Every structure is written in C-alpha cells, then in structure tokens.
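The next block holds one structure in the form of structure tokens; read it before the comments.
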Amino acid sequence: MTDDAVPSPGANRFSGPNDLHLHSNHSDGTQTPAEVMRQAHAHGVRTVALTDHDRSTGWDEAARAAASLGMTFLPGMELSAKYEWRSVHVLGYLFDPDDDPLRAETDRIRGDRIGRAERIVRSIGRDYDLVWDDVLAQTAGDATVGRPHIADALVARGIVSDRSAAFDGILHPREGYYEPHYAPDPLTAVNLITGAGGVAVIAHPVTSGRDRMMPIPFIERLVAAGLGGFEIDHRENTEAGKKVLRDLAATHDLIVTGSSDYHGAGKPNVPGENTTSDEMVARIIERATGTGPRYA
C-alpha cells in the first residue's frame with residue numbers, strides 16, 4: 001500500500017451513495033477527471049471510483065477534486081480482456097499502479113488500440129470524409145484512443161448524429177470496418193489485478209443475455225483464481241442474466257456492485273443511477289492491499 005494512501009486508524013470513513021464505475025477523457029469519457037467528480041457529487045454520489053480503460057492517469061486529479069467536495073475516492077481501472085469472441089471488461093479497484101506486470105500489459109493493450117483505430121479510420125476514410133487528424137481532435141492529451149473517439153469524429157464531421165448512431169451504423173461489425181484488437185484472457189486479467197493487490201470485478205457481464213455470458217465453469221475458474229465479484233446492477237445487464245449472477249455470487253460469497261458506467265456526453269448514463277452498498281464497498285477496501293481509498 002502506498003504511504004500517502006494509508007488511512008489513520010479509526011480516522012477515515014466513507015459514506016454512500018457509492019458509484020464505482022465512471023470514465024473521464026483519459027479514456028472514452030468526455031469530461032476531465034475533476035469534472036466527472038463534480039458531476040457525481042451533483043447527482044448525490046459520495047464515494048466514487050474513476051475506472052478509465054487500461055490506465056490510471058486520472059487518479060490524482062480525480063482524488064483532489066473528490067477531496068475538495070468532501071467525497072471519498074476509490075482508485076480504479078477497467079481492464080480490457082477477451083474470452084473467445086466475447087469482449088470482457090474487468091474492473092480493478094485499489095491496485096498498485098506501479099506494479100510492473102500490470103503496467104506492461106496495459107501499455108501493450110493501449111498500444112494495440114492505437115494501431116487498430118488507425119486501421120479502422122483508414123478503412124472508413126475510403127468511403128467517408130474522415131481522416132486520422134479528425135480522431136485526434138476528439139482525444140484529450142494521451143488518452144487511450146478507441147472506437148468512441150472515432151464515433152465522436154464522425155459526429156463532428158456531420159456523418160452521424162451521435163455516438164449511438166455511429167455504433168449502430170458505421171462502427172457496427174456488419175459494416176465491414178471492424179478490426180480486432182489485442183486483449184488478454186480474463187484469467188490473466190484477474191491474476192494481474194489481484195497480483196497488484198487489487199480487487200477484480202467483472203463489469204456488466206450479461207449485457208446481451210446468457211449467449212454472451214462467459215460459461216459458468218470458466219467463471220468458477222476465475223473465482224478460484226481470486227475474482228472478487230460481479231457488477232450486477234448496470235443498465236445494460238439483462239434481468240435473466242442478473243439472476244444467474246446473483247445466484248453465483250451467493251454460492252461463492254462474492255462482492256456485488258452496481259454503478260452508472262458514466263461517460264459524460266458519450267452515453268446517456270447518469271452518475272448514481274445504480275449504486276453499490278456500503279457493505280460491498282467495505283469488503284473491497286478490506287480485501288485490497290495495493291493502494292488505499294483517498295478520504296476527504
């Protein structure tokens with residue numbers, strides 16, 4: 001645990017509501033980490049995690065903003081993974097951001113995403129008025145470039161009306177512009193997060209029902225490897241899928257979270273629309289050894 005994050009015995013407390021999945025413009029959100037914290041506070045959230053894709057660069061700014069608002073900040077990340085044809089996202093909380101194996105893997109993921117995005121833009125550019133500079137114009141600093149930034153460039157060019165239209169149209173795999181990207185398997189992702197002292201939670205695992213859900217025997221392998229839990233209360237999870245996950249969580253005494261997956265203007269999701277109980281946040285904090293919460 002890093003020295004600056006060690007809580008004084010009995011001195012620090014967090015309070016809900018707790019939203020543990022929000023994104024800034026360090027990945028595919030549209031607001032700075034500080035603005036994300038302000039929006040969360042304005043919507044009544046009092047403990048918040050910033051979980052940008054494959055990076056932790058927004059933590060310090062978010063932590064300062066959260067402290068100024070009297071909020072508790074939980075450092076986090078959403079790590080990209082892949083099981084067969086399924087995209088799997090693993091939320092990592094309170095891990096050591098300087099852990100060498102985890103950092104090497106996130107560097108590899110982000111590097112491949114850039115090459116993939118360039119290939120997609122070249123393909124789209126053969127049919128539409130879109131170039132790489134259009135995408136860079138929608139990317140803040142050294143943020144991880146991904147398909148949401150391509151969507152924003154398509155919007156800025158007037159080719160589509162919004163991100164949703166981009167993903168339902170030009171960026172949909174059926175249109176032929178899709179390119180695969182590197183991502184580790186979920187078992188590797190869980191091992192990396194837990195190896196860095198963090199707590200691993202599978203993000204929105206059942207967004208399209210059982211057919212897209214990882215097989216239960218494989219999920220049980222993840223549990224045996226140290227998986228902490230599931231993000232169940234999420235607007236994109238199906239009700240049938242949620243029931244399966246709740247049964248699994250009860251069987252294995254796993255952590256259950258709920259969150260908004262806020263992206264600013266990038267999605268309609270609103271901070272605090274789903275939340276995590278104080279009991280489950282406490283379990284995450286107690287289990288983690290990589291870094292600590294930043295208390296106000």
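All residue names refer to the structure tokens as shown: chains lettered A, B, ... in order, residues numbered from 1 in each chain, ligands numbered from 1 in order.
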(Q) For the structure I just gave you, how does DSSP split stretch 31-251 of chain A - specifically, which residues are alpha helix (DSSP H)? Reply as a ChimeraX atom specification. (A) /A:33-42,59-68,100-125,132-136,147-156,163-168,186-195,216-225,239-251
Q) Which polymer residues have any atom within 9 Å of an atom of A:Lys267, counting only C-alpha atoms, with same-chain residues fewer than 5 positions away left out, as a VMD selection string? A) chain A and resid 29 163 to 164 261 to 262
Would you export the selected residues with C-alpha atoms as an mmCIF file, in the first residue's frame, please?
```
data_model
loop_
_atom_site.group_PDB
_atom_site.id
_atom_site.type_symbol
_atom_site.label_atom_id
_atom_site.label_comp_id
_atom_site.auth_asym_id
_atom_site.auth_seq_id
_atom_site.Cartn_x
_atom_site.Cartn_y
_atom_site.Cartn_z
ATOM 1 C CA GLY A 29 -15.378 9.774 -21.380
ATOM 2 C CA ARG A 163 -22.199 8.081 -30.705
ATOM 3 C CA SER A 164 -25.105 5.661 -30.601
ATOM 4 C CA ASP A 261 -20.728 3.464 -16.194
ATOM 5 C CA TYR A 262 -20.862 7.233 -16.690
#
```
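Interatomic distance, atom CA of A:Thr47 against atom CA of A:Thr72: 4.6 Å.
Comparing A:Leu171, A:Ile202, A:Val121, A:Ala296 by their smallest distance to A:Leu69, the closest is A:Ala296 (using only C-alpha atoms).
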**Q.** Close residues, A:Leu187 itself excluded, 9 Å, only C-alpha atoms, min 3 positions apart in chain, as number ranges by chain
**A.** A: 81, 184, 190-192, 218, 221-222, 225, 227
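The residue that comes closest to A:Val270, out of A:Ala240, A:Ala67, A:Ala42, A:Leu254 and on the basis of only C-alpha atoms, is A:Ala42.
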